[in-house]
file protein28.cif (mmCIF, C-alpha atoms)
data_run
#
loop_
_atom_site.group_PDB
_atom_site.id
_atom_site.type_symbol
_atom_site.label_atom_id
_atom_site.label_comp_id
_atom_site.auth_asym_id
_atom_site.auth_seq_id
_atom_site.Cartn_x
_atom_site.Cartn_y
_atom_site.Cartn_z
ATOM 1 C CA MET A 3 9.521 12.043 -108.590
ATOM 2 C CA PRO A 4 11.096 10.178 -105.686
ATOM 3 C CA GLU A 5 9.887 10.782 -102.184
ATOM 4 C CA SER A 6 12.237 12.323 -99.718
ATOM 5 C CA SER A 7 12.172 12.338 -95.959
ATOM 6 C CA GLU A 8 14.242 13.807 -93.148
ATOM 7 C CA ASP A 9 14.338 13.665 -89.358
ATOM 8 C CA LEU A 10 16.845 14.297 -86.620
ATOM 9 C CA ILE A 11 17.866 12.828 -83.311
ATOM 10 C CA THR A 12 20.095 13.965 -80.477
ATOM 11 C CA LEU A 13 22.385 11.091 -79.558
ATOM 12 C CA SER A 14 22.414 9.951 -75.949
ATOM 13 C CA GLY A 15 25.754 8.152 -76.388
ATOM 14 C CA ASP A 16 28.607 7.803 -78.859
ATOM 15 C CA LEU A 17 28.027 5.869 -82.072
ATOM 16 C CA HIS A 18 30.380 2.885 -81.715
ATOM 17 C CA ALA A 19 31.562 0.420 -84.306
ATOM 18 C CA ARG A 20 29.075 -2.393 -83.780
ATOM 19 C CA PRO A 21 25.946 -0.213 -83.893
ATOM 20 C CA ALA A 22 27.416 1.521 -86.953
ATOM 21 C CA ALA A 23 27.591 -1.881 -88.619
ATOM 22 C CA ALA A 24 24.037 -2.711 -87.538
ATOM 23 C CA LEU A 25 22.911 0.609 -88.995
ATOM 24 C CA ALA A 26 24.618 -0.064 -92.334
ATOM 25 C CA ILE A 27 23.102 -3.559 -92.498
ATOM 26 C CA ALA A 28 19.622 -2.133 -91.815
ATOM 27 C CA ALA A 29 20.107 0.681 -94.340
ATOM 28 C CA ALA A 30 20.979 -1.805 -97.070
ATOM 29 C CA LYS A 31 17.426 -3.188 -96.973
ATOM 30 C CA PHE A 32 15.990 0.041 -98.352
ATOM 31 C CA GLN A 33 15.950 1.129 -101.975
ATOM 32 C CA SER A 34 16.258 4.779 -101.002
ATOM 33 C CA SER A 35 19.591 6.520 -100.684
ATOM 34 C CA ILE A 36 20.151 7.386 -97.023
ATOM 35 C CA GLU A 37 22.506 10.045 -95.712
ATOM 36 C CA LEU A 38 23.577 10.837 -92.150
ATOM 37 C CA VAL A 39 24.749 14.313 -91.237
ATOM 38 C CA ALA A 40 26.553 15.019 -87.948
ATOM 39 C CA GLY A 41 28.002 18.514 -87.731
ATOM 40 C CA ASP A 42 30.130 19.026 -90.832
ATOM 41 C CA ASN A 43 30.408 15.310 -91.523
ATOM 42 C CA HIS A 44 28.248 13.381 -93.972
ATOM 43 C CA ALA A 45 27.960 9.623 -94.285
ATOM 44 C CA ASP A 46 26.345 7.181 -96.654
ATOM 45 C CA ALA A 47 24.275 5.096 -94.238
ATOM 46 C CA LYS A 48 24.810 1.991 -96.390
ATOM 47 C CA SER A 49 28.602 2.170 -96.015
ATOM 48 C CA VAL A 50 29.762 0.880 -92.644
ATOM 49 C CA LEU A 51 33.122 2.647 -92.858
ATOM 50 C CA SER A 52 31.415 5.889 -93.823
ATOM 51 C CA VAL A 53 29.048 5.623 -90.826
ATOM 52 C CA MET A 54 31.956 4.872 -88.460
ATOM 53 C CA GLY A 55 33.901 7.752 -89.946
ATOM 54 C CA ILE A 56 31.432 10.493 -89.057
ATOM 55 C CA GLY A 57 32.422 10.210 -85.405
ATOM 56 C CA ALA A 58 28.963 10.948 -84.010
ATOM 57 C CA THR A 59 29.164 11.489 -80.264
ATOM 58 C CA ASN A 60 26.960 11.837 -77.208
ATOM 59 C CA GLY A 61 24.799 14.949 -77.307
ATOM 60 C CA GLN A 62 25.358 15.543 -81.004
ATOM 61 C CA GLN A 63 22.446 16.078 -83.348
ATOM 62 C CA VAL A 64 22.333 13.682 -86.286
ATOM 63 C CA THR A 65 20.135 14.313 -89.302
ATOM 64 C CA VAL A 66 18.917 11.351 -91.334
ATOM 65 C CA ARG A 67 17.869 12.100 -94.914
ATOM 66 C CA ALA A 68 16.516 9.633 -97.424
ATOM 67 C CA ALA A 69 15.388 9.892 -101.032
ATOM 68 C CA GLY A 70 13.549 7.141 -102.854
ATOM 69 C CA PRO A 71 10.372 5.063 -102.824
ATOM 70 C CA ASP A 72 10.729 3.932 -99.187
ATOM 71 C CA ALA A 73 12.275 7.122 -97.828
ATOM 72 C CA ALA A 74 9.876 7.625 -94.905
ATOM 73 C CA ASP A 75 10.291 4.052 -93.645
ATOM 74 C CA ALA A 76 14.048 4.279 -94.066
ATOM 75 C CA VAL A 77 14.327 7.427 -91.973
ATOM 76 C CA ALA A 78 12.063 6.000 -89.238
ATOM 77 C CA ASP A 79 14.096 2.780 -89.100
ATOM 78 C CA ILE A 80 17.483 4.491 -88.979
ATOM 79 C CA ILE A 81 16.348 6.968 -86.321
ATOM 80 C CA ALA A 82 15.111 4.041 -84.211
ATOM 81 C CA ILE A 83 18.456 2.261 -84.608
ATOM 82 C CA LEU A 84 20.375 5.387 -83.609
ATOM 83 C CA ALA A 85 18.152 5.794 -80.545
ATOM 84 C CA ALA A 86 18.548 2.177 -79.446
ATOM 85 C CA ALA A 87 22.237 1.905 -80.292
ATOM 86 C CA THR A 88 23.358 4.920 -78.332
ATOM 87 C CA GLU A 89 21.127 4.774 -75.249
ATOM 88 C CA VAL A 90 22.766 1.716 -73.671
ATOM 89 C CA GLY A 91 26.321 2.616 -74.636
ATOM 90 C CA ALA A 92 26.212 -0.385 -76.947
ATOM 91 C CA MET B 16 17.025 -14.026 -94.680
ATOM 92 C CA SER B 17 19.216 -15.844 -92.185
ATOM 93 C CA GLU B 18 18.848 -18.991 -94.315
ATOM 94 C CA GLN B 19 20.455 -17.362 -97.336
ATOM 95 C CA ALA B 20 24.020 -18.452 -98.088
ATOM 96 C CA ARG B 21 26.557 -15.647 -97.696
ATOM 97 C CA VAL B 22 29.834 -14.977 -99.404
ATOM 98 C CA GLY B 23 32.656 -16.120 -97.111
ATOM 99 C CA ILE B 24 35.755 -14.130 -96.223
ATOM 100 C CA VAL B 25 39.295 -15.433 -95.648
ATOM 101 C CA LEU B 26 41.772 -13.146 -93.893
ATOM 102 C CA VAL B 27 45.379 -14.019 -94.738
ATOM 103 C CA SER B 28 47.986 -12.552 -92.402
ATOM 104 C CA HIS B 29 51.591 -13.199 -91.409
ATOM 105 C CA SER B 30 50.379 -13.287 -87.811
ATOM 106 C CA ALA B 31 47.885 -15.874 -86.556
ATOM 107 C CA ALA B 32 46.806 -13.454 -83.823
ATOM 108 C CA LEU B 33 46.240 -10.612 -86.292
ATOM 109 C CA ALA B 34 44.187 -12.817 -88.628
ATOM 110 C CA SER B 35 42.055 -14.244 -85.826
ATOM 111 C CA GLY B 36 41.555 -10.867 -84.147
ATOM 112 C CA ALA B 37 40.490 -9.229 -87.399
ATOM 113 C CA ALA B 38 38.175 -12.174 -88.109
ATOM 114 C CA GLU B 39 36.606 -11.856 -84.650
ATOM 115 C CA LEU B 40 36.067 -8.116 -85.096
ATOM 116 C CA ALA B 41 34.668 -8.367 -88.624
ATOM 117 C CA GLY B 42 32.524 -11.368 -87.701
ATOM 118 C CA GLN B 43 30.832 -9.401 -84.932
ATOM 119 C CA MET B 44 30.210 -6.502 -87.318
ATOM 120 C CA GLY B 45 28.426 -8.917 -89.608
ATOM 121 C CA GLY B 46 26.125 -9.983 -86.805
ATOM 122 C CA GLY B 47 27.461 -13.528 -86.907
ATOM 123 C CA GLN B 48 25.871 -14.181 -90.304
ATOM 124 C CA VAL B 49 29.085 -14.395 -92.314
ATOM 125 C CA ARG B 50 31.883 -16.961 -92.216
ATOM 126 C CA VAL B 51 35.018 -14.915 -91.613
ATOM 127 C CA VAL B 52 37.912 -17.363 -91.420
ATOM 128 C CA PRO B 53 41.478 -16.505 -90.374
ATOM 129 C CA ALA B 54 44.527 -17.972 -92.113
ATOM 130 C CA GLY B 55 47.492 -16.551 -90.244
ATOM 131 C CA GLY B 56 51.045 -17.614 -89.525
ATOM 132 C CA THR B 57 53.067 -20.600 -90.684
ATOM 133 C CA ASP B 58 52.103 -24.231 -90.136
ATOM 134 C CA ASP B 59 54.383 -24.363 -87.074
ATOM 135 C CA GLY B 60 53.017 -21.146 -85.580
ATOM 136 C CA ARG B 61 55.688 -18.655 -86.592
ATOM 137 C CA ILE B 62 55.221 -15.310 -88.354
ATOM 138 C CA GLY B 63 54.699 -16.020 -92.037
ATOM 139 C CA THR B 64 52.052 -17.491 -94.303
ATOM 140 C CA SER B 65 50.923 -20.994 -95.094
ATOM 141 C CA ILE B 66 49.360 -22.205 -98.305
ATOM 142 C CA ASN B 67 47.853 -25.113 -96.350
ATOM 143 C CA LYS B 68 46.163 -22.773 -93.892
ATOM 144 C CA VAL B 69 44.750 -20.653 -96.716
ATOM 145 C CA ARG B 70 43.485 -23.746 -98.553
ATOM 146 C CA GLN B 71 41.746 -25.024 -95.416
ATOM 147 C CA ALA B 72 40.296 -21.589 -94.630
ATOM 148 C CA LEU B 73 38.847 -21.339 -98.135
ATOM 149 C CA ALA B 74 37.080 -24.660 -97.665
ATOM 150 C CA ASP B 75 35.738 -23.534 -94.274
ATOM 151 C CA ALA B 76 34.548 -20.149 -95.602
ATOM 152 C CA ASP B 77 32.803 -21.447 -98.704
ATOM 153 C CA SER B 78 29.052 -21.924 -98.488
ATOM 154 C CA GLY B 79 28.643 -22.216 -102.237
ATOM 155 C CA VAL B 80 28.247 -18.571 -103.238
ATOM 156 C CA GLY B 81 31.874 -17.484 -103.328
ATOM 157 C CA VAL B 82 34.746 -16.412 -101.126
ATOM 158 C CA LEU B 83 36.759 -13.219 -100.859
ATOM 159 C CA LEU B 84 40.449 -13.480 -99.947
ATOM 160 C CA LEU B 85 41.996 -10.501 -98.180
ATOM 161 C CA PRO B 86 45.797 -10.525 -97.708
ATOM 162 C CA ASP B 87 47.615 -8.299 -95.218
ATOM 163 C CA LEU B 88 51.033 -7.580 -96.746
ATOM 164 C CA GLY B 89 53.606 -8.712 -99.266
ATOM 165 C CA SER B 90 54.066 -12.441 -99.240
ATOM 166 C CA SER B 91 50.454 -13.061 -98.206
ATOM 167 C CA VAL B 92 49.710 -12.042 -101.772
ATOM 168 C CA LEU B 93 52.368 -14.429 -103.104
ATOM 169 C CA THR B 94 50.945 -17.295 -101.063
ATOM 170 C CA ILE B 95 47.470 -16.588 -102.417
ATOM 171 C CA LYS B 96 48.791 -16.433 -105.981
ATOM 172 C CA ALA B 97 50.557 -19.760 -105.515
ATOM 173 C CA LEU B 98 47.318 -21.283 -104.280
ATOM 174 C CA LEU B 99 45.271 -19.808 -107.112
ATOM 175 C CA ALA B 100 47.684 -21.371 -109.590
ATOM 176 C CA GLU B 101 46.305 -24.727 -108.441
ATOM 177 C CA ASP B 102 43.029 -25.650 -110.074
ATOM 178 C CA ASP B 103 41.859 -28.360 -107.729
ATOM 179 C CA GLY B 104 39.214 -27.937 -105.100
ATOM 180 C CA LEU B 105 39.023 -24.156 -104.947
ATOM 181 C CA PRO B 106 35.644 -22.416 -104.587
ATOM 182 C CA ASP B 107 34.118 -21.508 -107.957
ATOM 183 C CA GLN B 108 33.721 -17.821 -107.263
ATOM 184 C CA LEU B 109 36.924 -16.568 -105.768
ATOM 185 C CA GLU B 110 38.173 -12.986 -105.642
ATOM 186 C CA VAL B 111 41.257 -11.400 -104.076
ATOM 187 C CA ALA B 112 40.819 -7.940 -102.549
ATOM 188 C CA ASP B 113 43.432 -5.221 -102.813
ATOM 189 C CA ALA B 114 42.337 -3.367 -99.685
ATOM 190 C CA PRO B 115 43.360 -2.195 -96.204
ATOM 191 C CA PHE B 116 43.227 -5.225 -93.898
ATOM 192 C CA VAL B 117 40.973 -4.171 -91.019
ATOM 193 C CA GLU B 118 38.736 -1.723 -92.873
ATOM 194 C CA GLY B 119 38.482 -4.060 -95.845
ATOM 195 C CA ALA B 120 37.559 -6.997 -93.613
ATOM 196 C CA VAL B 121 34.807 -5.035 -91.873
ATOM 197 C CA ALA B 122 33.389 -3.512 -95.069
ATOM 198 C CA ALA B 123 33.463 -6.859 -96.885
ATOM 199 C CA THR B 124 31.778 -8.665 -93.989
ATOM 200 C CA VAL B 125 28.957 -6.126 -93.809
ATOM 201 C CA ALA B 126 28.481 -6.361 -97.595
ATOM 202 C CA ALA B 127 28.310 -10.148 -97.295
ATOM 203 C CA ALA B 128 25.887 -9.913 -94.346
ATOM 204 C CA VAL B 129 23.380 -7.974 -96.451
ATOM 205 C CA GLY B 130 23.499 -10.648 -99.131
ATOM 206 C CA GLY B 131 25.941 -9.091 -101.589
ATOM 207 C CA ASP B 132 27.468 -11.353 -104.238
ATOM 208 C CA VAL B 133 31.217 -11.886 -104.416
ATOM 209 C CA LYS B 134 31.708 -8.890 -106.758
ATOM 210 C CA ALA B 135 29.763 -6.624 -104.374
ATOM 211 C CA VAL B 136 31.792 -7.882 -101.429
ATOM 212 C CA LEU B 137 35.026 -7.288 -103.359
ATOM 213 C CA GLY B 138 33.855 -3.780 -104.236
ATOM 214 C CA ALA B 139 33.022 -2.969 -100.614
ATOM 215 C CA ALA B 140 36.473 -4.117 -99.479
ATOM 216 C CA GLN B 141 38.261 -2.060 -102.107
ATOM 217 C CA GLU B 142 36.197 1.049 -101.378
ATOM 218 C CA ALA B 143 37.852 0.950 -97.954
ATOM 219 C CA TRP B 144 40.815 2.808 -99.488
ATOM 220 C CA HIS B 145 38.628 5.903 -99.445
ATOM 221 C CA ALA B 146 37.386 5.662 -95.848
ATOM 222 C CA ARG B 147 38.879 8.273 -93.539
ATOM 223 C CA LYS B 148 39.310 7.654 -89.842
ATOM 224 C CA LEU B 149 39.481 11.285 -88.808
#

call {"tool": "encode", "arguments": {"input": "protein28.cif", "output": "structure tokens"}}
result
Amino acid sequence: MPESSEDLITLSGDLHARPAAALAIAAAKFQSSIELVAGDNHADAKSVLSVMGIGATNGQQVTVRAAGPDAADAVADIIAILAAATEVGA
Amino acid sequence: MSEQARVGIVLVSHSAALASGAAELAGQMGGGQVRVVPAGGTDDGRIGTSINKVRQALADADSGVGVLLLPDLGSSVLTIKALLAEDDGLPDQLEVADAPFVEGAVAATVAAAVGGDVKAVLGAAQEAWHARKL
């Protein structure tokens, strides 16, 4: 049975295009499937256009869910990227 | 990982400015790891396409593991087809994407940055039809 993991973060800035690309590149390193949820919008973290399309903005809560053998590491990594990418208005 | 050869991308547009702007944008999305090469405008700088520019861009984009060609509109496709009808000196693994220009360029570049092969990069570009902006 695959592991699953979930965590959430409140964004301190909008999720812009370049950090969305960095997130998708980081997500691709994991075997687990990784999903982002922001409000009613869902994104496949490994698809850059999907991540850009969720329109995650400052103050919004984003949930990161992963399922697979490296799910816990994947969630920790993606949460860290979201924190770093949005705090400097990158 | 940075030593690994990446699939290259050639953006073929009627406008030199559009091709180079899209290449700049996509290249930054790929973290500078992918060769995204513009081939826009005619040889004398007008709006149109140039088989010579596309041929040169293919050579510049190729690092031995394949190249994806992404045309903007209409006769960009015809120019690419004319080039593909030649057998000489083209990269071995060459695919042409039927995809939206900007979204396809960004999705393809990210797929190349993570080490995808030319089929994976083609697939990422063509999935861009399904990406919603709003």

call {"tool": "resolve_selection", "arguments": {"input": "protein28.cif", "expression": "the PyMOL selection byres ((chain B) within 7 of (chain A))", "output": "ChimeraX atom specification"}}
result
/B:44,122,125,129,146-149

call {"tool": "write_last_selection", "arguments": {"input": "protein28.cif", "atoms": "C-alpha atoms", "output": "short mmCIF file (atom, residue, chain, number, x, y, z; two decimals), in the frame of the given file"}}
result
data_model
loop_
_atom_site.label_atom_id
_atom_site.label_comp_id
_atom_site.auth_asym_id
_atom_site.auth_seq_id
_atom_site.Cartn_x
_atom_site.Cartn_y
_atom_site.Cartn_z
CA MET B 44 30.21 -6.50 -87.32
CA ALA B 122 33.39 -3.51 -95.07
CA VAL B 125 28.96 -6.13 -93.81
CA VAL B 129 23.38 -7.97 -96.45
CA ALA B 146 37.39 5.66 -95.85
CA ARG B 147 38.88 8.27 -93.54
CA LYS B 148 39.31 7.65 -89.84
CA LEU B 149 39.48 11.28 -88.81
#

call {"tool": "atom_distance", "arguments": {"input": "protein28.cif", "atom1": "CA of Thr59 in chain A", "atom2": "CA of Thr12 in chain A"}}
result
9.4 Å

call {"tool": "resolve_selection", "arguments": {"input": "protein28.cif", "expression": "the PyMOL selection byres ((chain B and resi 144) around 10)", "output": "PyMOL selection string"}}
result
chain B and resi 113-115+118-119+139-143+145-147

call {"tool": "write_last_selection", "arguments": {"input": "protein28.cif", "atoms": "C-alpha atoms", "output": "PDB file, in the coordinates of the input"}}
result
ATOM      1  CA  ASP B 113      43.432  -5.221-102.813  1.00  0.00           C
ATOM      2  CA  ALA B 114      42.337  -3.367 -99.685  1.00  0.00           C
ATOM      3  CA  PRO B 115      43.360  -2.195 -96.204  1.00  0.00           C
ATOM      4  CA  GLU B 118      38.736  -1.723 -92.873  1.00  0.00           C
ATOM      5  CA  GLY B 119      38.482  -4.060 -95.845  1.00  0.00           C
ATOM      6  CA  ALA B 139      33.022  -2.969-100.614  1.00  0.00           C
ATOM      7  CA  ALA B 140      36.473  -4.117 -99.479  1.00  0.00           C
ATOM      8  CA  GLN B 141      38.261  -2.060-102.107  1.00  0.00           C
ATOM      9  CA  GLU B 142      36.197   1.049-101.378  1.00  0.00           C
ATOM     10  CA  ALA B 143      37.852   0.950 -97.954  1.00  0.00           C
ATOM     11  CA  HIS B 145      38.628   5.903 -99.445  1.00  0.00           C
ATOM     12  CA  ALA B 146      37.386   5.662 -95.848  1.00  0.00           C
ATOM     13  CA  ARG B 147      38.879   8.273 -93.539  1.00  0.00           C
TER      14      ARG B 147
END

call {"tool": "resolve_selection", "arguments": {"input": "protein28.cif", "expression": "the PyMOL selection byres ((chain A and resi 13) around 9)", "output": "PyMOL selection string"}}
result
chain A and resi 11-12+14-17+58-64+84-85+88-89

call {"tool": "residues_near_point", "arguments": {"input": "protein28.cif", "point": "(16.3, 10.0, -101.6)", "cutoff": "6 Å", "atoms": "only C-alpha atoms", "output": "list of chain:residue names"}}
result
A:Ser6, A:Ser34, A:Ser35, A:Ala68, A:Ala69, A:Gly70

call {"tool": "atom_distance", "arguments": {"input": "protein28.cif", "atom1": "CA of Lys134 in chain B", "atom2": "CA of Thr57 in chain B"}}
result
29.2 Å

call {"tool": "closest_residue", "arguments": {"input": "protein28.cif", "among": "B:Gly81, B:Gly42, B:Gly36, B:Pro53", "to": "Val136 in chain B", "atoms": "only C-alpha atoms"}}
result
B:Gly81

call {"tool": "axis_aligned_box", "arguments": {"input": "protein28.cif", "around": "range 32-40 of chain B", "padding_each_side": "5 Å", "output": "JSON"}}
result
{"center_x": 41.4, "center_y": -11.2, "center_z": -86.2, "size_x": 20.7, "size_y": 16.1, "size_z": 14.8}

call {"tool": "atom_distance", "arguments": {"input": "protein28.cif", "atom1": "CA of Ala74 in chain A", "atom2": "CA of Leu38 in chain A"}}
result
14.3 Å

call {"tool": "closest_residue", "arguments": {"input": "protein28.cif", "among": "B:Val52, B:Ser90, B:Val133, B:Gln108", "to": "Leu40 in chain B", "atoms": "only C-alpha atoms"}}
result
B:Val52

call {"tool": "decode", "arguments": {"input": "protein28.cif", "residues": "range 58-72 of chain B", "atoms": "N, CA, C and O atoms", "output": "short mmCIF file (atom, residue, chain, number, x, y, z; two decimals), in the first residue's frame"}}
result
data_model
loop_
_atom_site.label_atom_id
_atom_site.label_comp_id
_atom_site.auth_asym_id
_atom_site.auth_seq_id
_atom_site.Cartn_x
_atom_site.Cartn_y
_atom_site.Cartn_z
N ASP B 58 14.63 36.04 -43.55
CA ASP B 58 16.08 36.28 -43.53
C ASP B 58 16.41 37.77 -43.52
O ASP B 58 17.44 38.17 -42.98
N ASP B 59 15.52 38.60 -44.13
CA ASP B 59 15.79 40.04 -44.14
C ASP B 59 14.96 40.79 -43.09
O ASP B 59 14.75 41.99 -43.20
N GLY B 60 14.50 40.04 -42.07
CA GLY B 60 13.93 40.70 -40.89
C GLY B 60 12.46 41.09 -40.99
O GLY B 60 11.96 41.82 -40.14
N ARG B 61 11.78 40.64 -42.03
CA ARG B 61 10.35 40.94 -42.12
C ARG B 61 9.52 39.85 -41.43
O ARG B 61 10.05 38.83 -41.02
N ILE B 62 8.20 40.10 -41.33
CA ILE B 62 7.29 39.09 -40.80
C ILE B 62 7.20 37.95 -41.82
O ILE B 62 6.95 38.17 -43.00
N GLY B 63 7.40 36.75 -41.34
CA GLY B 63 7.38 35.58 -42.22
C GLY B 63 8.27 34.51 -41.61
O GLY B 63 8.70 34.65 -40.46
N THR B 64 8.53 33.46 -42.34
CA THR B 64 9.39 32.40 -41.80
C THR B 64 10.52 32.10 -42.77
O THR B 64 10.44 32.40 -43.95
N SER B 65 11.56 31.50 -42.22
CA SER B 65 12.77 31.25 -42.98
C SER B 65 13.27 29.85 -42.74
O SER B 65 13.56 29.48 -41.60
N ILE B 66 13.37 29.08 -43.81
CA ILE B 66 13.87 27.71 -43.66
C ILE B 66 15.32 27.73 -43.18
O ILE B 66 15.74 26.87 -42.40
N ASN B 67 16.07 28.75 -43.59
CA ASN B 67 17.48 28.84 -43.16
C ASN B 67 17.58 29.08 -41.66
O ASN B 67 18.42 28.50 -40.98
N LYS B 68 16.70 29.96 -41.16
CA LYS B 68 16.72 30.24 -39.71
C LYS B 68 16.33 28.99 -38.92
O LYS B 68 16.89 28.73 -37.86
N VAL B 69 15.36 28.24 -39.42
CA VAL B 69 14.93 27.04 -38.69
C VAL B 69 16.05 25.99 -38.72
O VAL B 69 16.35 25.35 -37.70
N ARG B 70 16.70 25.87 -39.87
CA ARG B 70 17.81 24.89 -39.98
C ARG B 70 18.93 25.23 -39.01
O ARG B 70 19.44 24.36 -38.29
N GLN B 71 19.28 26.51 -38.94
CA GLN B 71 20.35 26.94 -38.03
C GLN B 71 19.93 26.75 -36.57
O GLN B 71 20.73 26.30 -35.73
N ALA B 72 18.67 27.07 -36.27
CA ALA B 72 18.18 26.93 -34.89
C ALA B 72 18.20 25.46 -34.45
O ALA B 72 18.53 25.15 -33.30
#
